[in-house]
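Structure data (compact mmCIF, C-alpha atoms) from data.txt:
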# COMPACT_ATOMS: atom_id res chain seq x y z
CA MET A 22 -30.54 -83.52 106.09
CA LEU A 23 -30.32 -79.74 106.48
CA LYS A 24 -27.39 -79.74 104.05
CA LEU A 25 -29.47 -81.68 101.48
CA LEU A 26 -32.42 -79.28 101.82
CA HIS A 27 -30.07 -76.32 101.44
CA LEU A 28 -28.57 -77.84 98.28
CA ARG A 29 -32.03 -78.42 96.78
CA SER A 30 -33.04 -74.88 97.66
CA CYS A 31 -29.96 -73.50 95.92
CA ARG A 32 -30.68 -75.56 92.80
CA LEU A 33 -34.29 -74.32 92.71
CA THR A 34 -33.10 -70.73 93.10
CA LEU A 35 -30.61 -71.13 90.25
CA LEU A 36 -33.30 -72.70 88.06
CA LEU A 37 -35.72 -69.83 88.70
CA ILE A 38 -33.00 -67.28 88.00
CA SER A 39 -32.18 -69.04 84.72
CA ILE A 40 -35.83 -69.12 83.62
CA PHE A 41 -36.40 -65.45 84.40
CA SER A 42 -33.09 -64.51 82.78
CA LEU A 43 -34.02 -66.32 79.56
CA ASP A 44 -37.44 -64.65 79.55
CA SER A 45 -35.82 -61.25 80.06
CA CYS A 46 -33.33 -61.90 77.24
CA SER A 47 -36.13 -62.94 74.94
CA ARG A 48 -37.99 -59.72 75.67
CA LEU A 49 -34.84 -57.69 75.04
CA ILE A 50 -34.12 -59.51 71.77
CA THR A 51 -37.65 -59.16 70.37
CA PRO A 52 -39.06 -56.09 72.13
CA ASP A 53 -41.50 -55.05 69.43
CA GLN A 54 -42.98 -58.34 68.21
CA THR A 55 -46.74 -58.38 67.96
CA THR A 56 -49.47 -60.75 66.90
CA GLU A 57 -51.88 -57.87 66.36
CA ILE A 58 -51.92 -57.00 62.67
CA THR A 59 -53.09 -53.44 63.35
CA GLU A 60 -49.83 -52.83 65.24
CA VAL A 61 -47.60 -53.94 62.35
CA ARG A 62 -45.62 -51.47 60.29
CA GLY A 63 -47.13 -50.95 56.84
CA GLY A 64 -45.21 -50.57 53.60
CA GLN A 65 -43.52 -52.66 50.95
CA TYR A 66 -42.06 -56.04 51.83
CA ALA A 67 -39.91 -58.59 49.99
CA VAL A 68 -39.82 -62.31 50.69
CA ASP A 69 -37.06 -63.76 52.86
CA PRO A 70 -36.05 -66.72 50.65
CA ASN A 71 -34.45 -68.51 53.59
CA HIS A 72 -37.78 -68.64 55.42
CA ALA A 73 -40.31 -69.43 52.73
CA ALA A 74 -41.99 -72.64 51.63
CA LEU A 75 -44.51 -73.39 48.88
CA MET A 76 -46.13 -76.83 48.90
CA PHE A 77 -48.84 -78.57 46.90
CA LYS A 78 -51.05 -81.59 47.58
CA LEU A 79 -53.32 -83.76 45.47
CA ASN A 80 -55.18 -87.03 45.84
CA HIS A 81 -53.39 -90.09 44.51
CA LEU A 82 -55.88 -92.69 43.31
CA GLY A 83 -57.80 -92.46 46.57
CA PHE A 84 -54.94 -94.16 48.42
CA SER A 85 -52.94 -91.23 49.71
CA THR A 86 -52.16 -87.53 49.43
CA PHE A 87 -49.25 -86.80 47.10
CA LEU A 88 -47.00 -83.97 48.35
CA GLY A 89 -44.53 -81.76 46.55
CA ARG A 90 -43.04 -78.31 46.68
CA PHE A 91 -41.48 -75.57 44.60
CA THR A 92 -38.13 -74.52 46.00
CA GLU A 93 -37.65 -71.30 44.02
CA PHE A 94 -40.15 -68.46 44.09
CA ASP A 95 -40.22 -64.74 44.70
CA ALA A 96 -42.93 -62.72 46.41
CA SER A 97 -43.68 -59.13 47.29
CA LEU A 98 -46.23 -57.60 49.62
CA ASP A 99 -47.54 -54.05 49.86
CA PHE A 100 -50.02 -53.39 52.63
CA ASP A 101 -51.34 -50.99 55.22
CA PRO A 102 -52.53 -52.73 58.41
CA GLU A 103 -55.27 -50.10 58.73
CA ASP A 104 -56.43 -50.78 55.16
CA ILE A 105 -56.02 -54.52 54.60
CA GLU A 106 -58.64 -54.45 51.84
CA ASN A 107 -56.16 -52.73 49.52
CA ALA A 108 -53.20 -55.04 50.21
CA ASN A 109 -51.31 -56.38 47.19
CA LEU A 110 -49.51 -59.71 47.02
CA GLU A 111 -47.56 -61.07 44.06
CA MET A 112 -45.77 -64.40 43.71
CA VAL A 113 -43.60 -65.61 40.83
CA ILE A 114 -42.87 -69.35 40.89
CA GLU A 115 -40.08 -71.04 38.94
CA MET A 116 -41.81 -74.17 37.69
CA SER A 117 -38.57 -76.07 37.04
CA SER A 118 -37.89 -76.00 40.80
CA ILE A 119 -40.58 -78.63 41.43
CA ASN A 120 -39.40 -81.13 44.04
CA VAL A 121 -41.21 -84.38 44.87
CA ASN A 122 -38.16 -86.20 46.24
CA LEU A 123 -38.00 -88.39 43.12
CA GLU A 124 -35.57 -87.05 40.53
CA GLU A 125 -36.79 -89.20 37.64
CA PHE A 126 -40.41 -88.24 38.24
CA GLU A 127 -39.47 -84.56 38.62
CA GLU A 128 -38.01 -84.64 35.12
CA GLU A 129 -41.25 -86.19 33.83
CA LEU A 130 -43.31 -83.50 35.56
CA ARG A 131 -41.19 -80.79 33.91
CA GLY A 132 -41.93 -82.27 30.47
CA ASP A 133 -44.67 -81.33 28.02
CA ASN A 134 -47.06 -84.02 29.34
CA PHE A 135 -47.39 -82.07 32.56
CA LEU A 136 -45.92 -78.63 33.40
CA ASP A 137 -44.02 -78.06 30.13
CA VAL A 138 -41.53 -75.77 31.84
CA ALA A 139 -39.66 -75.13 28.59
CA GLN A 140 -42.68 -73.29 27.22
CA TYR A 141 -44.13 -72.07 30.53
CA PRO A 142 -41.19 -71.48 32.88
CA GLN A 143 -43.08 -69.46 35.48
CA ALA A 144 -46.43 -69.30 37.23
CA VAL A 145 -47.59 -65.94 38.60
CA TYR A 146 -50.20 -65.14 41.22
CA ARG A 147 -51.46 -61.61 41.89
CA THR A 148 -54.22 -60.55 44.26
CA THR A 149 -56.89 -58.41 42.59
CA SER A 150 -59.46 -57.61 45.28
CA PHE A 151 -60.50 -58.18 48.87
CA VAL A 152 -63.18 -60.82 49.50
CA GLU A 153 -63.84 -61.05 53.22
CA LYS A 154 -62.43 -60.88 56.73
CA ILE A 155 -62.72 -64.22 58.55
CA ASP A 156 -61.39 -62.96 61.88
CA ASP A 157 -58.83 -60.45 63.17
CA ASP A 158 -55.93 -62.37 61.61
CA THR A 159 -57.47 -64.22 58.65
CA PHE A 160 -58.49 -62.70 55.32
CA VAL A 161 -59.60 -63.96 51.91
CA PHE A 162 -58.39 -62.28 48.73
CA ALA A 163 -59.32 -62.85 45.11
CA GLY A 164 -56.54 -63.07 42.57
CA ASP A 165 -55.44 -64.26 39.16
CA LEU A 166 -53.23 -67.31 38.69
CA SER A 167 -51.32 -67.45 35.40
CA PHE A 168 -50.15 -71.02 34.93
CA HIS A 169 -49.42 -73.22 31.90
CA GLY A 170 -50.53 -70.49 29.50
CA VAL A 171 -53.90 -69.90 31.17
CA THR A 172 -55.00 -67.13 33.53
CA ALA A 173 -57.94 -67.85 35.83
CA PRO A 174 -59.30 -66.53 39.15
CA VAL A 175 -58.16 -68.22 42.38
CA ASN A 176 -58.95 -67.13 45.93
CA ILE A 177 -56.29 -67.25 48.63
CA THR A 178 -56.87 -67.36 52.38
CA VAL A 179 -54.15 -65.48 54.26
CA ASN A 180 -53.33 -65.87 57.96
CA PHE A 181 -51.19 -63.33 59.81
CA ASN A 182 -48.69 -64.91 62.23
CA GLY A 183 -46.82 -61.95 63.69
CA GLY A 184 -44.52 -59.04 63.01
CA GLY A 185 -41.59 -57.19 64.50
CA ARG A 186 -37.83 -56.86 64.34
CA ASN A 187 -36.09 -60.16 63.61
CA PHE A 188 -33.03 -60.27 65.86
CA LEU A 189 -31.28 -62.71 63.49
CA THR A 190 -31.59 -60.66 60.29
CA ARG A 191 -32.03 -57.31 62.08
CA SER A 192 -34.82 -56.57 59.59
CA TYR A 193 -38.40 -55.68 60.38
CA THR A 194 -40.31 -58.83 59.45
CA VAL A 195 -43.91 -59.97 59.06
CA GLY A 196 -44.97 -63.60 58.79
CA PHE A 197 -47.95 -65.10 56.97
CA SER A 198 -49.30 -68.45 55.90
CA GLY A 199 -51.74 -68.93 53.05
CA SER A 200 -53.80 -71.59 51.28
CA ALA A 201 -55.64 -71.91 47.99
CA THR A 202 -57.25 -74.60 45.84
CA PHE A 203 -57.81 -74.91 42.10
CA ASN A 204 -58.37 -77.59 39.47
CA ARG A 205 -55.31 -78.30 37.35
CA SER A 206 -57.56 -79.25 34.45
CA ASP A 207 -58.73 -75.61 34.29
CA PHE A 208 -55.16 -74.79 33.23
CA GLY A 209 -54.81 -77.59 30.71
CA VAL A 210 -52.85 -79.94 32.97
CA ASP A 211 -55.27 -82.86 33.09
CA ARG A 212 -53.12 -85.93 32.52
CA PHE A 213 -54.41 -88.98 34.44
CA THR A 214 -57.34 -87.14 36.02
CA SER A 215 -59.67 -89.67 34.37
CA PHE A 216 -57.77 -92.47 36.12
CA GLY A 217 -58.26 -91.06 39.62
CA VAL A 218 -55.20 -88.87 40.01
CA GLY A 219 -56.47 -85.76 41.74
CA ASP A 220 -57.64 -82.80 39.72
CA GLU A 221 -57.90 -80.47 42.70
CA ILE A 222 -54.60 -78.95 43.80
CA GLU A 223 -54.17 -77.64 47.33
CA LEU A 224 -51.51 -74.97 47.72
CA GLU A 225 -49.95 -74.08 51.05
CA VAL A 226 -47.45 -71.27 51.57
CA HIS A 227 -45.51 -70.22 54.66
CA VAL A 228 -43.47 -67.08 54.29
CA GLU A 229 -41.63 -64.30 56.08
CA PHE A 230 -41.44 -60.87 54.46
CA MET A 231 -38.72 -58.34 55.23
CA ASP A 232 -39.16 -54.58 55.03
CA ALA A 233 -38.14 -53.74 51.46
CA GLY A 234 -36.99 -50.31 52.60
CA GLY A 235 -34.32 -51.90 54.73
CA GLU A 236 -35.60 -50.35 57.96
CA SER A 237 -34.98 -52.25 61.17
Just give me the structure as structure tokens.
Amino acid sequence: MLKLLHLRSCRLTLLLISIFSLDSCSRLITPDQTTEITEVRGGQYAVDPNHAALMFKLNHLGFSTFLGRFTEFDASLDFDPEDIENANLEMVIEMSSINVNLEEFEEELRGDNFLDVAQYPQAVYRTTSFVEKIDDDTFVFAGDLSFHGVTAPVNITVNFNGGGRNFLTRSYTVGFSGSATFNRSDFGVDRFTSFGVGDEIELEVHVEFMDAGGES
């Protein structure tokens, strides 16, 4: 009995040592990570294409939400955490990279009945002004979306996730998520809206930016 209790005690000790060792390693690996945006390093940032996702959603005939994504886009960010109001974000989206997990339908979406990527290969979004602060980590910006030959205002809500040195890339990194909505008919893409296919598009972006200056 004493031997069994001793064995269990040893196992518990080893488990506690392992837990505290992992916690210590984590702290050593990411010593300067913060979730406070005012503590983040300001400057110019470029998107990490390996950790970026751009998705869209729209109503499908009232039965479901249709989901898709664009797999190729570039983005840049210039901001000062002490002066968020003057932050600048730009995204350039390659429209031919649309992916809805249906190759035949993707080709139809690239055609002139929908996106017409031959004539309008890119969509561009640029922030133009600050709108409001929702809380310490959430901000709304106004911007211009240029899509399908039309430029119109679209607001984007941006959420700060965290920042610090990424031990995998060894680059100083900041992470954000964002969301926006607009009507596709405002940009001349209105096919099937009269039949119940959603006009309102919901955009969702999740992205990591790396220090463009290469500092770690």
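Using only C-alpha atoms, the smallest distance between any of A:Leu88, A:Val179, A:Leu166, A:Leu189 and Asp207 in chain A comes from A:Leu166.
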Q: Tell me which protein, DNA and RNA residues are within 9 Å of Asp137 in chain A, counting only C-alpha atoms, leaving out same-chain ones fewer than 5 positions away, and put them as a PyMOL selection string.
A: chain A and resi 116+130-132+142+169
(Q) Let me make sure I understand: among A:Asn107, A:Lys78, A:Phe84, A:Met231, which one has the smallest atom-to-atom distance to Ser200 in chain A if we use only C-alpha atoms? (A)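 The closest residue to Ser200 in chain A is A:Lys78.
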Q: Please measure the separation of CA of Ser85 in chain A and CA of His227 in chain A, giving the value in Å to one decimal.
A: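 Rounded to one decimal, the two atoms are 22.8 Å apart.
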Q.
Tell me which residues come within 8 Å of (-43.1, -57.9, 69.4), as a ChimeraX atom specification, counting all atoms listed in the file in the file's coordinates.
A. /A:51-56,183-186
Those residues you just picked out, can you put them in a file as a PDB file, in the coordinates of the input with C-alpha atoms?
ATOM      1  CA  THR A  51     -37.650 -59.160  70.370  1.00  0.00           C
ATOM      2  CA  PRO A  52     -39.060 -56.090  72.130  1.00  0.00           C
ATOM      3  CA  ASP A  53     -41.500 -55.050  69.430  1.00  0.00           C
ATOM      4  CA  GLN A  54     -42.980 -58.340  68.210  1.00  0.00           C
ATOM      5  CA  THR A  55     -46.740 -58.380  67.960  1.00  0.00           C
ATOM      6  CA  THR A  56     -49.470 -60.750  66.900  1.00  0.00           C
ATOM      7  CA  GLY A 183     -46.820 -61.950  63.690  1.00  0.00           C
ATOM      8  CA  GLY A 184     -44.520 -59.040  63.010  1.00  0.00           C
ATOM      9  CA  GLY A 185     -41.590 -57.190  64.500  1.00  0.00           C
ATOM     10  CA  ARG A 186     -37.830 -56.860  64.340  1.00  0.00           C
TER      11      ARG A 186
END
Q.
What's the separation between CA of Leu136 in chain A and CA of Asp220 in chain A, in Å to one decimal place?
A.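 Those two atoms sit 14.0 Å apart.
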**Q.** Among the residues A:Arg212, A:Arg90, A:Lys154, A:Arg191, the one that comes closest to Ala73 in chain A [using only C-alpha atoms]
**A.**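 Smallest distance to Ala73 in chain A is found for A:Arg90.
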Q: Tell me, in Å to one decimal, how far CA of Asp165 in chain A is from CA of Glu111 in chain A.
A: 9.8 Å
Q: Have a look at A:Phe181, A:Tyr66, A:Phe126, A:Phe135 and name the one nearest to Phe213 in chain A; count all atoms listed in the file.
A: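 Checking each of A:Phe181, A:Tyr66, A:Phe126, A:Phe135 against Phe213 in chain A, counting all atoms listed in the file, the winner is A:Phe135.
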Q) So which residues touch Thr148 in chain A within 8 Å, counting only C-alpha atoms, skipping near sequence neighbours fewer than 4 positions away, as a ChimeraX atom specification? A) /A:109-111,162-165
Q | Selection: 10 Å around Glu223 in chain A, all atoms listed in the file, excl. self and same-chain fewer than 6 positions, as a ChimeraX atom specification | A | /A:76-80,88,200-204
Q.
Could you check the closest approach to Thr86 in chain A for each of A:Val218, A:Ala74, A:Ile177, A:Ile155 and tell me which residue wins, using all atoms listed in the file?
A. A:Val218
Given 6 Å on each side, where is the centre and what are the edge lengths in Å to one decimal of the axis-aligned box enclosing the listed atoms of range 116-134 of chain A, as AutoDock Vina command-line options?
--center_x -41.3 --center_y -81.7 --center_z 37.1 --size_x 23.5 --size_y 27.0 --size_z 30.2
Q.
Please determine, counting all atoms listed in the file, which residue among A:Gly83, A:Gly217, A:Gly209, A:Gly63 has the shortest atom-to-atom distance to Thr172 in chain A.
A.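 Of all the options, A:Gly209 lies closest to Thr172 in chain A.
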Q | Distance query Ser97 in chain A at most 8 Å, only C-alpha atoms, self and fewer than 2 positions along chain excluded, as a list in words | A | Gln65, Tyr66, Ala67, Val68, Asp95, Asp99, Leu110, Glu111, Met112 and Phe230 of chain A
Q. Skipping near chain neighbours, those fewer than 2 positions away, what residues fall within 8 Å of Glu103 in chain A using all atoms listed in the file, listed as a PyMOL selection string?
A. chain A and resi 59+101+105
